[in-house]
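Engineer: Here you go, coords-v6.pdb (PDB, C-alpha atoms):
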ATOM      1  CA  MET G 900       0.000   0.000   0.000
ATOM      2  CA  GLY G 901       2.827   2.385   0.904
ATOM      3  CA  GLU G 902       4.622   1.673  -2.382
ATOM      4  CA  MET G 903       1.448   2.300  -4.362
ATOM      5  CA  GLY G 904       1.004   5.563  -2.515
ATOM      6  CA  LEU G 905       4.526   6.611  -3.409
ATOM      7  CA  ARG G 906       3.992   5.776  -7.093
ATOM      8  CA  GLU G 907       0.766   7.760  -7.120
ATOM      9  CA  ARG G 908       2.476  10.750  -5.501
ATOM     10  CA  LYS G 909       5.255  10.601  -8.091
ATOM     11  CA  LYS G 910       2.665  10.469 -10.861
ATOM     12  CA  GLN G 911       0.818  13.482  -9.490
ATOM     13  CA  ARG G 912       4.117  15.360  -9.133
ATOM     14  CA  MET G 913       4.872  14.598 -12.780
ATOM     15  CA  TYR G 914       1.480  15.978 -13.814
ATOM     16  CA  GLN G 915       2.082  19.149 -11.819
ATOM     17  CA  ASP G 916       5.674  19.703 -12.932
ATOM     18  CA  VAL G 917       4.963  19.224 -16.638
ATOM     19  CA  SER G 918       1.857  21.411 -16.473
ATOM     20  CA  ASP G 919       3.797  24.173 -14.686
ATOM     21  CA  ILE G 920       6.567  24.078 -17.301
ATOM     22  CA  ALA G 921       4.038  24.176 -20.142
ATOM     23  CA  VAL G 922       2.044  27.061 -18.675
ATOM     24  CA  ARG G 923       5.247  29.050 -18.133
ATOM     25  CA  LEU G 924       6.227  28.568 -21.793
ATOM     26  CA  PHE G 925       2.724  29.408 -23.002
ATOM     27  CA  LEU G 926       2.660  32.596 -20.934
ATOM     28  CA  GLU G 927       6.072  33.641 -22.241
ATOM     29  CA  ARG G 928       5.483  32.929 -25.939
ATOM     30  CA  GLY G 929       1.797  32.216 -26.494
ATOM     31  CA  PHE G 930      -0.079  28.920 -26.570
ATOM     32  CA  ASP G 931       0.051  28.445 -30.345
ATOM     33  CA  ALA G 932       3.734  29.375 -30.583
ATOM     34  CA  VAL G 933       4.918  26.528 -28.335
ATOM     35  CA  SER G 934       4.863  22.949 -29.605
ATOM     36  CA  VAL G 935       4.234  19.844 -27.536
ATOM     37  CA  ALA G 936       7.723  18.663 -28.477
ATOM     38  CA  GLU G 937       9.191  21.835 -26.935
ATOM     39  CA  VAL G 938       7.240  21.269 -23.734
ATOM     40  CA  ALA G 939       8.445  17.668 -23.552
ATOM     41  CA  ALA G 940      12.054  18.746 -24.107
ATOM     42  CA  ALA G 941      11.814  21.421 -21.414
ATOM     43  CA  ALA G 942      10.339  18.856 -19.012
ATOM     44  CA  GLY G 943      13.053  16.312 -19.821
ATOM     45  CA  ILE G 944      10.627  13.650 -21.074
ATOM     46  CA  SER G 945       9.762  12.173 -24.459
ATOM     47  CA  LYS G 946       6.795  13.352 -26.481
ATOM     48  CA  PRO G 947       5.063   9.929 -26.197
ATOM     49  CA  THR G 948       5.502  10.069 -22.406
ATOM     50  CA  LEU G 949       3.964  13.529 -22.303
ATOM     51  CA  PHE G 950       0.952  12.320 -24.292
ATOM     52  CA  ARG G 951       0.469   9.451 -21.824
ATOM     53  CA  TYR G 952      -0.087  12.070 -19.141
ATOM     54  CA  PHE G 953      -1.802  14.711 -21.266
ATOM     55  CA  PRO G 954      -3.793  13.366 -24.261
ATOM     56  CA  ALA G 955      -4.175  16.870 -25.737
ATOM     57  CA  LYS G 956      -2.002  19.972 -25.681
ATOM     58  CA  GLU G 957      -4.854  21.922 -24.057
ATOM     59  CA  ASP G 958      -4.833  19.498 -21.117
ATOM     60  CA  LEU G 959      -1.445  20.872 -20.110
ATOM     61  CA  VAL G 960      -3.258  24.094 -19.168
ATOM     62  CA  LEU G 961      -6.585  22.685 -17.996
ATOM     63  CA  HIS G 962      -4.773  20.464 -15.495
ATOM     64  CA  ARG G 963      -4.680  23.468 -13.178
ATOM     65  CA  ILE G 964      -8.458  23.427 -12.806
ATOM     66  CA  ALA G 965      -8.956  19.662 -13.109
ATOM     67  CA  ASP G 966      -9.440  19.312  -9.345
ATOM     68  CA  HIS G 967     -12.531  21.521  -9.591
ATOM     69  CA  GLU G 968     -14.236  19.257 -12.119
ATOM     70  CA  ALA G 969     -16.185  17.295  -9.495
ATOM     71  CA  GLU G 970     -16.205  20.044  -6.857
ATOM     72  CA  ALA G 971     -19.891  20.934  -7.133
ATOM     73  CA  ALA G 972     -20.811  17.255  -6.989
ATOM     74  CA  ARG G 973     -18.757  16.819  -3.818
ATOM     75  CA  VAL G 974     -20.404  19.844  -2.214
ATOM     76  CA  VAL G 975     -23.970  18.638  -2.755
ATOM     77  CA  THR G 976     -23.365  15.001  -1.849
ATOM     78  CA  GLY G 977     -25.392  14.322   1.277
ATOM     79  CA  ALA G 978     -26.640  17.932   1.493
ATOM     80  CA  ALA G 979     -30.302  18.420   2.433
ATOM     81  CA  ASP G 980     -30.228  21.796   0.645
ATOM     82  CA  PRO G 981     -27.955  21.472  -2.429
ATOM     83  CA  VAL G 982     -28.346  25.055  -3.649
ATOM     84  CA  GLY G 983     -27.755  26.387  -0.155
ATOM     85  CA  ALA G 984     -24.631  24.255   0.176
ATOM     86  CA  LEU G 985     -23.300  25.517  -3.167
ATOM     87  CA  ARG G 986     -24.098  29.095  -2.213
ATOM     88  CA  ARG G 987     -22.146  28.800   1.041
ATOM     89  CA  HIS G 988     -19.262  27.125  -0.778
ATOM     90  CA  PHE G 989     -19.066  29.857  -3.432
ATOM     91  CA  LEU G 990     -19.252  32.641  -0.848
ATOM     92  CA  ALA G 991     -16.479  30.968   1.154
ATOM     93  CA  GLY G 992     -14.415  30.864  -2.043
ATOM     94  CA  LEU G 993     -14.954  34.585  -2.547
ATOM     95  CA  ASP G 994     -13.920  35.236   1.040
ATOM     96  CA  ARG G 995     -10.615  33.400   0.642
ATOM     97  CA  ARG G 996     -10.063  34.837  -2.871
ATOM     98  CA  ASP G 997     -10.100  31.419  -4.518
ATOM     99  CA  PRO G 998      -8.943  31.898  -8.148
ATOM    100  CA  VAL G 999     -11.804  29.686  -9.376
ATOM    101  CA  THR G1000     -14.262  32.425  -8.292
ATOM    102  CA  GLY G1001     -12.450  35.000 -10.442
ATOM    103  CA  LEU G1002     -11.946  37.210  -7.371
ATOM    104  CA  ASN G1003      -8.163  37.179  -7.306
ATOM    105  CA  ASP G1004      -5.717  39.798  -8.502
ATOM    106  CA  HIS G1005      -2.448  37.902  -8.163
ATOM    107  CA  PRO G1006      -0.436  38.562 -11.357
ATOM    108  CA  GLU G1007       0.064  34.851 -12.043
ATOM    109  CA  VAL G1008      -3.655  34.162 -11.664
ATOM    110  CA  LEU G1009      -4.568  37.026 -13.988
ATOM    111  CA  ALA G1010      -2.004  35.866 -16.551
ATOM    112  CA  PHE G1011      -3.353  32.316 -16.411
ATOM    113  CA  HIS G1012      -6.921  33.521 -16.937
ATOM    114  CA  ARG G1013      -5.849  35.704 -19.860
ATOM    115  CA  LEU G1014      -4.188  32.650 -21.396
ATOM    116  CA  LEU G1015      -7.256  30.486 -20.793
ATOM    117  CA  TYR G1016      -9.942  32.919 -21.956
ATOM    118  CA  GLY G1017      -7.819  34.386 -24.741
ATOM    119  CA  THR G1018      -7.068  31.114 -26.542
ATOM    120  CA  PRO G1019      -9.989  29.687 -28.567
ATOM    121  CA  SER G1020      -8.856  26.070 -28.318
ATOM    122  CA  LEU G1021      -8.516  26.385 -24.543
ATOM    123  CA  VAL G1022     -11.972  27.940 -24.277
ATOM    124  CA  ALA G1023     -13.384  24.994 -26.229
ATOM    125  CA  ARG G1024     -11.564  22.519 -23.996
ATOM    126  CA  ALA G1025     -12.833  24.368 -20.903
ATOM    127  CA  TYR G1026     -16.395  23.803 -22.097
ATOM    128  CA  ALA G1027     -15.712  20.073 -22.111
ATOM    129  CA  HIS G1028     -14.500  20.454 -18.518
ATOM    130  CA  GLN G1029     -17.757  22.226 -17.653
ATOM    131  CA  GLU G1030     -19.797  19.493 -19.316
ATOM    132  CA  ARG G1031     -18.081  16.912 -17.133
ATOM    133  CA  SER G1032     -18.765  19.091 -14.092
ATOM    134  CA  GLU G1033     -22.431  19.220 -15.064
ATOM    135  CA  ALA G1034     -22.550  15.458 -15.538
ATOM    136  CA  ALA G1035     -20.967  14.796 -12.150
ATOM    137  CA  LEU G1036     -23.295  17.277 -10.443
ATOM    138  CA  ALA G1037     -26.359  15.823 -12.175
ATOM    139  CA  GLU G1038     -25.387  12.364 -10.979
ATOM    140  CA  ALA G1039     -24.952  13.661  -7.427
ATOM    141  CA  LEU G1040     -28.412  15.270  -7.656
ATOM    142  CA  GLY G1041     -29.985  11.929  -8.511
ATOM    143  CA  GLY G1042     -29.646  11.673 -12.285
ATOM    144  CA  GLY G1043     -32.393  12.055 -14.835
ATOM    145  CA  LEU G1044     -33.461  14.995 -16.964
ATOM    146  CA  ASP G1045     -34.487  17.259 -14.076
ATOM    147  CA  ALA G1046     -31.120  16.740 -12.405
ATOM    148  CA  ARG G1047     -29.289  17.508 -15.665
ATOM    149  CA  LEU G1048     -31.320  20.679 -16.189
ATOM    150  CA  ALA G1049     -30.594  21.800 -12.623
ATOM    151  CA  ALA G1050     -26.882  21.002 -12.955
ATOM    152  CA  GLY G1051     -26.660  22.983 -16.200
ATOM    153  CA  GLN G1052     -28.165  26.059 -14.556
ATOM    154  CA  ILE G1053     -25.954  25.797 -11.480
ATOM    155  CA  ILE G1054     -22.684  25.377 -13.380
ATOM    156  CA  ALA G1055     -23.639  28.239 -15.718
ATOM    157  CA  VAL G1056     -24.301  30.552 -12.767
ATOM    158  CA  GLN G1057     -20.940  29.743 -11.205
ATOM    159  CA  ARG G1058     -19.160  30.281 -14.525
ATOM    160  CA  VAL G1059     -20.816  33.642 -15.235
ATOM    161  CA  LEU G1060     -20.185  34.925 -11.711
ATOM    162  CA  ALA G1061     -16.497  33.958 -11.898
ATOM    163  CA  GLN G1062     -16.003  35.429 -15.362
ATOM    164  CA  GLU G1063     -17.620  38.721 -14.339
ATOM    165  CA  ASN G1064     -15.282  39.001 -11.356
ATOM    166  CA  TRP G1065     -12.261  38.190 -13.512
ATOM    167  CA  ARG G1066     -13.373  40.612 -16.246
ATOM    168  CA  ARG G1067     -13.591  43.540 -13.848
ATOM    169  CA  ILE G1068     -10.291  42.794 -12.128
ATOM    170  CA  ALA G1069      -8.530  42.242 -15.460
ATOM    171  CA  ALA G1070      -9.853  45.643 -16.544
ATOM    172  CA  GLY G1071      -8.026  47.223 -13.612
ATOM    173  CA  GLU G1072     -10.615  47.435 -10.820
ATOM    174  CA  PRO G1073      -9.157  46.760  -7.346
ATOM    175  CA  VAL G1074     -10.230  43.449  -5.875
ATOM    176  CA  GLU G1075     -11.440  45.285  -2.752
ATOM    177  CA  ASP G1076     -13.913  47.239  -4.896
ATOM    178  CA  VAL G1077     -15.124  44.186  -6.784
ATOM    179  CA  ALA G1078     -15.541  41.953  -3.720
ATOM    180  CA  PRO G1079     -18.742  43.511  -2.241
ATOM    181  CA  ASP G1080     -20.457  43.423  -5.645
ATOM    182  CA  ALA G1081     -19.287  39.832  -6.136
ATOM    183  CA  VAL G1082     -20.882  38.787  -2.853
ATOM    184  CA  ARG G1083     -24.148  40.565  -3.670
ATOM    185  CA  ALA G1084     -24.233  39.066  -7.151
ATOM    186  CA  ALA G1085     -23.635  35.571  -5.783
ATOM    187  CA  GLU G1086     -26.346  35.979  -3.150
ATOM    188  CA  ARG G1087     -28.789  37.182  -5.808
ATOM    189  CA  ALA G1088     -27.880  34.472  -8.319
ATOM    190  CA  PHE G1089     -28.110  31.596  -5.870
ATOM    191  CA  GLY G1090     -31.361  33.020  -4.509
ATOM    192  CA  ARG G1091     -32.805  32.892  -7.999
ATOM    193  CA  LEU G1092     -31.530  29.347  -8.422
ATOM    194  CA  ALA G1093     -33.315  28.322  -5.236
ATOM    195  CA  GLU G1094     -36.550  29.834  -6.548
ATOM    196  CA  ALA G1095     -36.145  28.257  -9.984
ATOM    197  CA  LEU G1096     -35.315  24.796  -8.657
ATOM    198  CA  PRO G1097     -38.009  24.001  -6.076
ATOM    199  CA  GLU G1098     -37.254  20.288  -6.362
ATOM    200  CA  LEU G1099     -33.873  20.976  -4.732
ATOM    201  CA  ARG G1100     -35.300  22.865  -1.757
ATOM    202  CA  PRO G1101     -35.200  21.143   1.633
ATOM    203  CA  ALA G1102     -38.490  19.662   2.802
ATOM    204  CA  ARG G1103     -40.410  21.800   5.279
TER     205      ARG G1103
END
Kindly present the structure from the file in C-alpha cells form.
Structural biologist:
Amino acid sequence: MGEMGLRERKKQRMYQDVSDIAVRLFLERGFDAVSVAEVAAAAGISKPTLFRYFPAKEDLVLHRIADHEAEAARVVTGAADPVGALRRHFLAGLDRRDPVTGLNDHPEVLAFHRLLYGTPSLVARAYAHQERSEAALAEALGGGLDARLAAGQIIAVQRVLAQENWRRIAAGEPVEDVAPDAVRAAERAFGRLAEALPELRPAR
C-alpha cells in the first residue's frame, strides 16, 4: 500500500511539474507558438511520455483546474439543501479569494486567466470540462433529466459569476472594490436558483 502511494504521488508530481513548465512557456510565448515537443524537451521527457499524461495539448493548461471538475458534486453530496450548500461554498471561495471564483488579482492568476480565456482552443476545452462538471453534479443530484437541467443552470451561474469578477479585475478594478459586488451578485444568483429549482429545496 505504501509503495502504491509513493507511485501515485510521483505520478501526481509529474502531472504538476509538466503542467507548470508548459504554462510558463505558453505565458512567455503564447499557446500556439509553443509545440508539444518543446514542452516535452523542457520537461526532460519524451513526447510519447507527455501524451500518456496529457492526451491533448490543451490538457497541459486545464490540469490546473482539473481538481474543480467534481467540486460541485462533492459539495452537494449528502446535502439536504444542495443550492444552499453551493451558495455557502461559493461565498467561502470569494472570502478566501479562490482563483476559481475570479476574485483574485495575483499577477500569475490574472495571466493564467488571460491565457485560458484568450485562446480559442482552450476555451473549447474548458467547455468540455464544464460538461463533465455538469454530468458529475447531475449524478450527485440523482440523475435524470431534471437533475441535468438543474446542474446545467448551477454550473452556468458559477461560470458567469467567476467570469464577471475576472473581467472587472482584469480591466483594472481593485479586488477590494469588486468583492462587495461579487458577494451581492452571488447571493442574488443563488437566490434565484433556489426559486427556480423548487425540487432541490429542503423539505419543510
Engineer: In Å, with one decimal, what is the gap from CA of Arg1058 (chain G) to CA of Gly1001 (chain G)?
Structural biologist: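 Computing it gives 9.2 Å between the two atoms.
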Engineer: Rounded to one decimal place, report the CA of Ala1010 (chain G)-CA of Pro998 (chain G) distance in Å.
Structural biologist: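 A separation of 11.6 Å between them.
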Engineer: What does the PyMOL selection byres ((chain G and resi 993) around 10) select in this file, as a ChimeraX atom specification?
Structural biologist: /G:987-992,994-1003,1061,1064,1078-1079,1081-1082,1085
Engineer: So how far away is CA of Ala1039 (chain G) from CA of Pro981 (chain G), in Å?
Structural biologist: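 Here the two named atoms are 9.7 Å from each other.
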Engineer: I want to know what sits within 12 Å of Gly943 (chain G), based on all atoms listed in the file, with residues of the same chain fewer than 4 positions away left out; could you give that as a list in words?
Structural biologist: Met913, Asp916, Val917, Ile920, Ala921, Ala936, Glu937, Val938, Ala939, Thr948 and Leu949 of chain G
Engineer: Atoms to include: C-alpha atoms. Write the selected residues as a PDB file, in the frame of the given file.
Structural biologist:
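Okay, this is what ended up in selection13.pdb:
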ATOM      1  CA  MET G 913       4.872  14.598 -12.780  1.00  0.00           C
ATOM      2  CA  ASP G 916       5.674  19.703 -12.932  1.00  0.00           C
ATOM      3  CA  VAL G 917       4.963  19.224 -16.638  1.00  0.00           C
ATOM      4  CA  ILE G 920       6.567  24.078 -17.301  1.00  0.00           C
ATOM      5  CA  ALA G 921       4.038  24.176 -20.142  1.00  0.00           C
ATOM      6  CA  ALA G 936       7.723  18.663 -28.477  1.00  0.00           C
ATOM      7  CA  GLU G 937       9.191  21.835 -26.935  1.00  0.00           C
ATOM      8  CA  VAL G 938       7.240  21.269 -23.734  1.00  0.00           C
ATOM      9  CA  ALA G 939       8.445  17.668 -23.552  1.00  0.00           C
ATOM     10  CA  THR G 948       5.502  10.069 -22.406  1.00  0.00           C
ATOM     11  CA  LEU G 949       3.964  13.529 -22.303  1.00  0.00           C
TER      12      LEU G 949
END
Engineer: Give me, as CSV, the closest atom pair and its distance (Å, one decimal) for every residue of region 1003-1071 of chain G within a cut-off of 8 Å of region 950-964 of chain G, counting all atoms listed in the file, rows sorted by chain and rising number.
Structural biologist:
residue,atom,partner,partner_atom,distance
G:Leu1015,CA,G:Val960,CA,7.7
G:Ser1020,CA,G:Glu957,CA,7.2
G:Leu1021,CA,G:Glu957,CA,5.8
G:Arg1024,CA,G:Glu957,CA,6.7
G:Ala1025,CA,G:Leu961,CA,7.1
Engineer: Draw an axis-aligned box over all listed atoms of region 1011-1029 of chain G, pad each side with 6 Å, and write its centre and edge lengths in Å, one decimal, as JSON.
Structural biologist:
{"center_x": -10.6, "center_y": 27.9, "center_z": -22.5, "size_x": 26.4, "size_y": 27.6, "size_z": 24.2}
Engineer: Pick the closest to Ala1070 (chain G) from G:Ala1055, G:Leu1009, G:Ala969, G:Leu985: which is it, counting all atoms listed in the file?
Structural biologist: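 With all atoms listed in the file as the atom set, the closest residue is G:Leu1009.
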Engineer: Go through G:Val1077, G:Val1059, G:Ala1088, G:Ile1053 and flag the residue nearest Leu1040 (chain G), using all atoms listed in the file for the distances.
Structural biologist: G:Ile1053
Engineer: Translate the PyMOL selection byres ((chain G and resi 980) around 12), as applied to the file shown, into an explicit residue set as a ChimeraX atom specification.
Structural biologist: /G:974-979,981-987,1040,1089,1092-1093,1096-1103
Engineer: With distances taken over all atoms listed in the file, which of G:Arg908, G:His1005, G:His967, G:Arg923 is nearest to Ala942 (chain G)?
Structural biologist: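 Smallest separation from Ala942 (chain G) among the options: G:Arg923.
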Engineer: Where atoms are missing, can you supply N, CA and C atoms for region 1064-1090 of chain G and output the lot as a compact mmCIF listing (two decimals), in the frame of the given file?
Structural biologist:
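Dumped everything to result10.txt:
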# COMPACT_ATOMS: atom_id res chain seq x y z
N ASN G 1064 -16.29 38.54 -12.31
CA ASN G 1064 -15.28 39.00 -11.36
C ASN G 1064 -13.93 39.15 -12.03
N TRP G 1065 -13.55 38.13 -12.82
CA TRP G 1065 -12.26 38.19 -13.51
C TRP G 1065 -12.23 39.35 -14.50
N ARG G 1066 -13.33 39.55 -15.24
CA ARG G 1066 -13.37 40.61 -16.25
C ARG G 1066 -13.12 41.97 -15.61
N ARG G 1067 -13.75 42.23 -14.49
CA ARG G 1067 -13.59 43.54 -13.85
C ARG G 1067 -12.18 43.73 -13.30
N ILE G 1068 -11.64 42.68 -12.69
CA ILE G 1068 -10.29 42.79 -12.13
C ILE G 1068 -9.25 42.91 -13.25
N ALA G 1069 -9.45 42.15 -14.33
CA ALA G 1069 -8.53 42.24 -15.46
C ALA G 1069 -8.57 43.62 -16.11
N ALA G 1070 -9.72 44.30 -15.99
CA ALA G 1070 -9.85 45.64 -16.54
C ALA G 1070 -9.23 46.70 -15.65
N GLY G 1071 -8.74 46.30 -14.48
CA GLY G 1071 -8.03 47.22 -13.61
C GLY G 1071 -8.72 47.62 -12.32
N GLU G 1072 -9.92 47.09 -12.06
CA GLU G 1072 -10.62 47.44 -10.82
C GLU G 1072 -9.96 46.72 -9.64
N PRO G 1073 -9.75 47.41 -8.53
CA PRO G 1073 -9.16 46.76 -7.35
C PRO G 1073 -10.07 45.66 -6.82
N VAL G 1074 -9.45 44.58 -6.37
CA VAL G 1074 -10.23 43.45 -5.88
C VAL G 1074 -11.11 43.86 -4.69
N GLU G 1075 -10.65 44.83 -3.90
CA GLU G 1075 -11.44 45.28 -2.75
C GLU G 1075 -12.72 45.97 -3.20
N ASP G 1076 -12.71 46.59 -4.37
CA ASP G 1076 -13.91 47.24 -4.90
C ASP G 1076 -14.87 46.22 -5.52
N VAL G 1077 -14.30 45.19 -6.11
CA VAL G 1077 -15.12 44.19 -6.78
C VAL G 1077 -15.78 43.25 -5.77
N ALA G 1078 -15.09 42.97 -4.67
CA ALA G 1078 -15.54 41.95 -3.72
C ALA G 1078 -16.97 42.16 -3.21
N PRO G 1079 -17.37 43.36 -2.74
CA PRO G 1079 -18.74 43.51 -2.24
C PRO G 1079 -19.79 43.24 -3.32
N ASP G 1080 -19.53 43.69 -4.54
CA ASP G 1080 -20.46 43.42 -5.64
C ASP G 1080 -20.50 41.93 -5.96
N ALA G 1081 -19.35 41.27 -5.86
CA ALA G 1081 -19.29 39.83 -6.14
C ALA G 1081 -20.14 39.06 -5.14
N VAL G 1082 -20.08 39.46 -3.88
CA VAL G 1082 -20.88 38.79 -2.85
C VAL G 1082 -22.37 39.02 -3.11
N ARG G 1083 -22.74 40.27 -3.41
CA ARG G 1083 -24.15 40.56 -3.67
C ARG G 1083 -24.66 39.81 -4.90
N ALA G 1084 -23.83 39.76 -5.94
CA ALA G 1084 -24.23 39.07 -7.15
C ALA G 1084 -24.42 37.57 -6.89
N ALA G 1085 -23.53 36.99 -6.10
CA ALA G 1085 -23.64 35.57 -5.78
C ALA G 1085 -24.88 35.30 -4.96
N GLU G 1086 -25.14 36.15 -3.97
CA GLU G 1086 -26.35 35.98 -3.15
C GLU G 1086 -27.60 36.04 -4.03
N ARG G 1087 -27.63 37.01 -4.93
CA ARG G 1087 -28.79 37.18 -5.81
C ARG G 1087 -28.94 35.99 -6.75
N ALA G 1088 -27.83 35.56 -7.34
CA ALA G 1088 -27.88 34.47 -8.32
C ALA G 1088 -28.30 33.15 -7.67
N PHE G 1089 -27.75 32.85 -6.53
CA PHE G 1089 -28.11 31.60 -5.87
C PHE G 1089 -29.53 31.66 -5.30
N GLY G 1090 -29.97 32.87 -4.93
CA GLY G 1090 -31.36 33.02 -4.51
C GLY G 1090 -32.32 32.71 -5.65
